[in-house]
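Comments concern the structure below.
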Amino acid sequence: MKIIDVRTKEEYDGGHIKDAELFDIMDMMYGKFPEFSKDEEILLYCESGSRATIAKSMMEQNGFTNIKNGGGIGDMISCGYKC
């Protein structure tokens with residue numbers, strides 16, 4: 001499973017989930033998406049969950065089929081993910 005942080009680089013640099021890859025949601029807004037298999041399991045998160053919800057929708061509209069919304073970084077930590 002890939003873990004994607006859809007926050008800004010500045011937010012990511014301030015602390016992120018271990019092994020998460022940065023992919024700013026603004027890139028998705030401009031039509032650029034991660035270069036992963038469309039059926040690969042991907043878990044998205046942001047600061048509060050709002051951007052992850054939007055990113056999930058955009059990725060699904062672009063053919064990704066196995067996207068999960070992890071919510072905010074606090075939610076991820078509560079679920080046992082480490083920074």
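We label chains A, B, ... in the order they appear in the structure tokens, count residues from 1 in each chain, and number ligands from 1 in the order shown.
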Picked from chain A by DSSP as alpha helix (DSSP H), as a VMD selection string: chain A and resid 9 to 13 25 to 29 50 to 61 73 to 78
Give me the residues near Lys18 in chain A as a JSON list (two decimals) with C-alpha atoms, in the first residue's frame, where near means some atom within 7 Å (using only C-alpha atoms) and where sequence neighbours in that chain fewer than 2 positions away do not count.
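And here is the file that came out, selection-v9.json:
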[["chain", "number", "residue", "atom", "x", "y", "z"],
["A", 16, "HIS", "CA", 4.55, 13.49, 8.09],
["A", 20, "ALA", "CA", 4.39, 8.64, 3.17],
["A", 82, "LYS", "CA", 4.05, 6.70, 13.03],
["A", 83, "CYS", "CA", 5.56, 10.05, 12.12]]
Straight-line distance linking CA of Phe23 in chain A with CA of Val6 in chain A, stated in Å to one decimal: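 Rounded to one decimal, the two atoms are 5.1 Å apart.
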Non-local contacts of range 29-42 of chain A (6 Å; only C-alpha atoms; under 3 positions in same chain excluded) as a PyMOL selection string: chain A and resi 1-3+26+64-67
Write the residues of the selection above to a file with C-alpha atoms, as a PDB file, in the first residue's frame.
ATOM      1  CA  MET A   1       0.000   0.000   0.000  1.00  0.00           C
ATOM      2  CA  LYS A   2       1.171   3.494  -0.873  1.00  0.00           C
ATOM      3  CA  ILE A   3       0.573   6.282   1.634  1.00  0.00           C
ATOM      4  CA  MET A  26      -2.628  21.293  -6.208  1.00  0.00           C
ATOM      5  CA  PHE A  64      -7.913   4.943  -9.719  1.00  0.00           C
ATOM      6  CA  THR A  65      -9.943   2.127  -8.180  1.00  0.00           C
ATOM      7  CA  ASN A  66      -8.456   1.348  -4.759  1.00  0.00           C
ATOM      8  CA  ILE A  67      -8.240   4.681  -2.926  1.00  0.00           C
TER       9      ILE A  67
END
Residue contacts of Arg51 in chain A (9 Å, only C-alpha atoms) excluding same-chain residues fewer than 3 positions away, as a ChimeraX atom specification: /A:6-7,25,45-48,54-56,71-72
Near-Thr53 in chain A list (7 Å; only C-alpha atoms; drop same-chain fewer than 4 positions) as a ChimeraX atom specification: /A:49,57,69
Members of range 2-73 of chain A assigned strand (DSSP E or B) by DSSP, as a list in words: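 The residues of range 2-73 of chain A classed as strand (DSSP E or B) are Lys2, Ile3, Ile4, Asp5, Glu21, Leu22, Ile42, Leu43, Leu44, Tyr45, Cys46, Ile67, Lys68, Asn69, Gly70, Gly71 and Gly72 of chain A.
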Writing out the chosen residues with N, CA and C atoms as an mmCIF file, in the first residue's frame:
data_model
loop_
_atom_site.group_PDB
_atom_site.id
_atom_site.type_symbol
_atom_site.label_atom_id
_atom_site.label_comp_id
_atom_site.auth_asym_id
_atom_site.auth_seq_id
_atom_site.Cartn_x
_atom_site.Cartn_y
_atom_site.Cartn_z
ATOM 1 N N LYS A 2 0.503 2.195 -0.835
ATOM 2 C CA LYS A 2 1.171 3.494 -0.873
ATOM 3 C C LYS A 2 0.420 4.448 0.043
ATOM 4 N N ILE A 3 1.158 5.241 0.789
ATOM 5 C CA ILE A 3 0.573 6.282 1.634
ATOM 6 C C ILE A 3 0.956 7.616 1.006
ATOM 7 N N ILE A 4 -0.059 8.422 0.710
ATOM 8 C CA ILE A 4 0.159 9.705 0.040
ATOM 9 C C ILE A 4 -0.315 10.847 0.930
ATOM 10 N N ASP A 5 0.587 11.786 1.160
ATOM 11 C CA ASP A 5 0.299 13.019 1.882
ATOM 12 C C ASP A 5 -0.033 14.068 0.831
ATOM 13 N N GLU A 21 4.550 9.410 0.902
ATOM 14 C CA GLU A 21 5.082 10.186 -0.206
ATOM 15 C C GLU A 21 4.268 11.468 -0.335
ATOM 16 N N LEU A 22 4.931 12.547 -0.639
ATOM 17 C CA LEU A 22 4.251 13.828 -0.838
ATOM 18 C C LEU A 22 3.719 13.905 -2.255
ATOM 19 N N ILE A 42 -4.031 2.687 -2.320
ATOM 20 C CA ILE A 42 -3.462 3.986 -1.952
ATOM 21 C C ILE A 42 -4.266 4.566 -0.800
ATOM 22 N N LEU A 43 -3.553 5.013 0.228
ATOM 23 C CA LEU A 43 -4.164 5.650 1.388
ATOM 24 C C LEU A 43 -3.763 7.121 1.387
ATOM 25 N N LEU A 44 -4.744 8.004 1.354
ATOM 26 C CA LEU A 44 -4.514 9.449 1.322
ATOM 27 C C LEU A 44 -4.740 10.065 2.701
ATOM 28 N N TYR A 45 -3.983 11.115 2.997
ATOM 29 C CA TYR A 45 -4.276 11.911 4.199
ATOM 30 C C TYR A 45 -3.818 13.345 3.974
ATOM 31 N N CYS A 46 -4.322 14.231 4.817
ATOM 32 C CA CYS A 46 -3.928 15.637 4.773
ATOM 33 C C CYS A 46 -3.871 16.144 6.214
ATOM 34 N N ILE A 67 -8.651 3.524 -3.718
ATOM 35 C CA ILE A 67 -8.240 4.681 -2.926
ATOM 36 C C ILE A 67 -8.999 4.696 -1.603
ATOM 37 N N LYS A 68 -8.257 4.928 -0.523
ATOM 38 C CA LYS A 68 -8.878 5.059 0.791
ATOM 39 C C LYS A 68 -8.510 6.423 1.367
ATOM 40 N N ASN A 69 -9.432 7.003 2.113
ATOM 41 C CA ASN A 69 -9.215 8.290 2.762
ATOM 42 C C ASN A 69 -8.849 8.030 4.220
ATOM 43 N N GLY A 70 -7.607 8.342 4.577
ATOM 44 C CA GLY A 70 -7.153 8.165 5.953
ATOM 45 C C GLY A 70 -7.511 9.331 6.850
ATOM 46 N N GLY A 71 -8.105 10.384 6.275
ATOM 47 C CA GLY A 71 -8.482 11.554 7.063
ATOM 48 C C GLY A 71 -7.305 12.490 7.270
ATOM 49 N N GLY A 72 -7.224 13.045 8.465
ATOM 50 C CA GLY A 72 -6.145 13.963 8.803
ATOM 51 C C GLY A 72 -4.967 13.233 9.409
#
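Taking CA of Met28 in chain A and CA of Met59 in chain A as the two end points, the separation is 8.1 Å.
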Length of the CA of Glu60 in chain A to CA of Asp19 in chain A vector [Å]: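 According to the coordinates, CA of Glu60 in chain A and CA of Asp19 in chain A are separated by 22.7 Å.
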Pick from A:Ile17, A:Glu10, A:Met58, A:Ser50, whichever lies nearest to Gly80 in chain A using only C-alpha atoms: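 Selected residue with least distance to Gly80 in chain A: A:Ile17.
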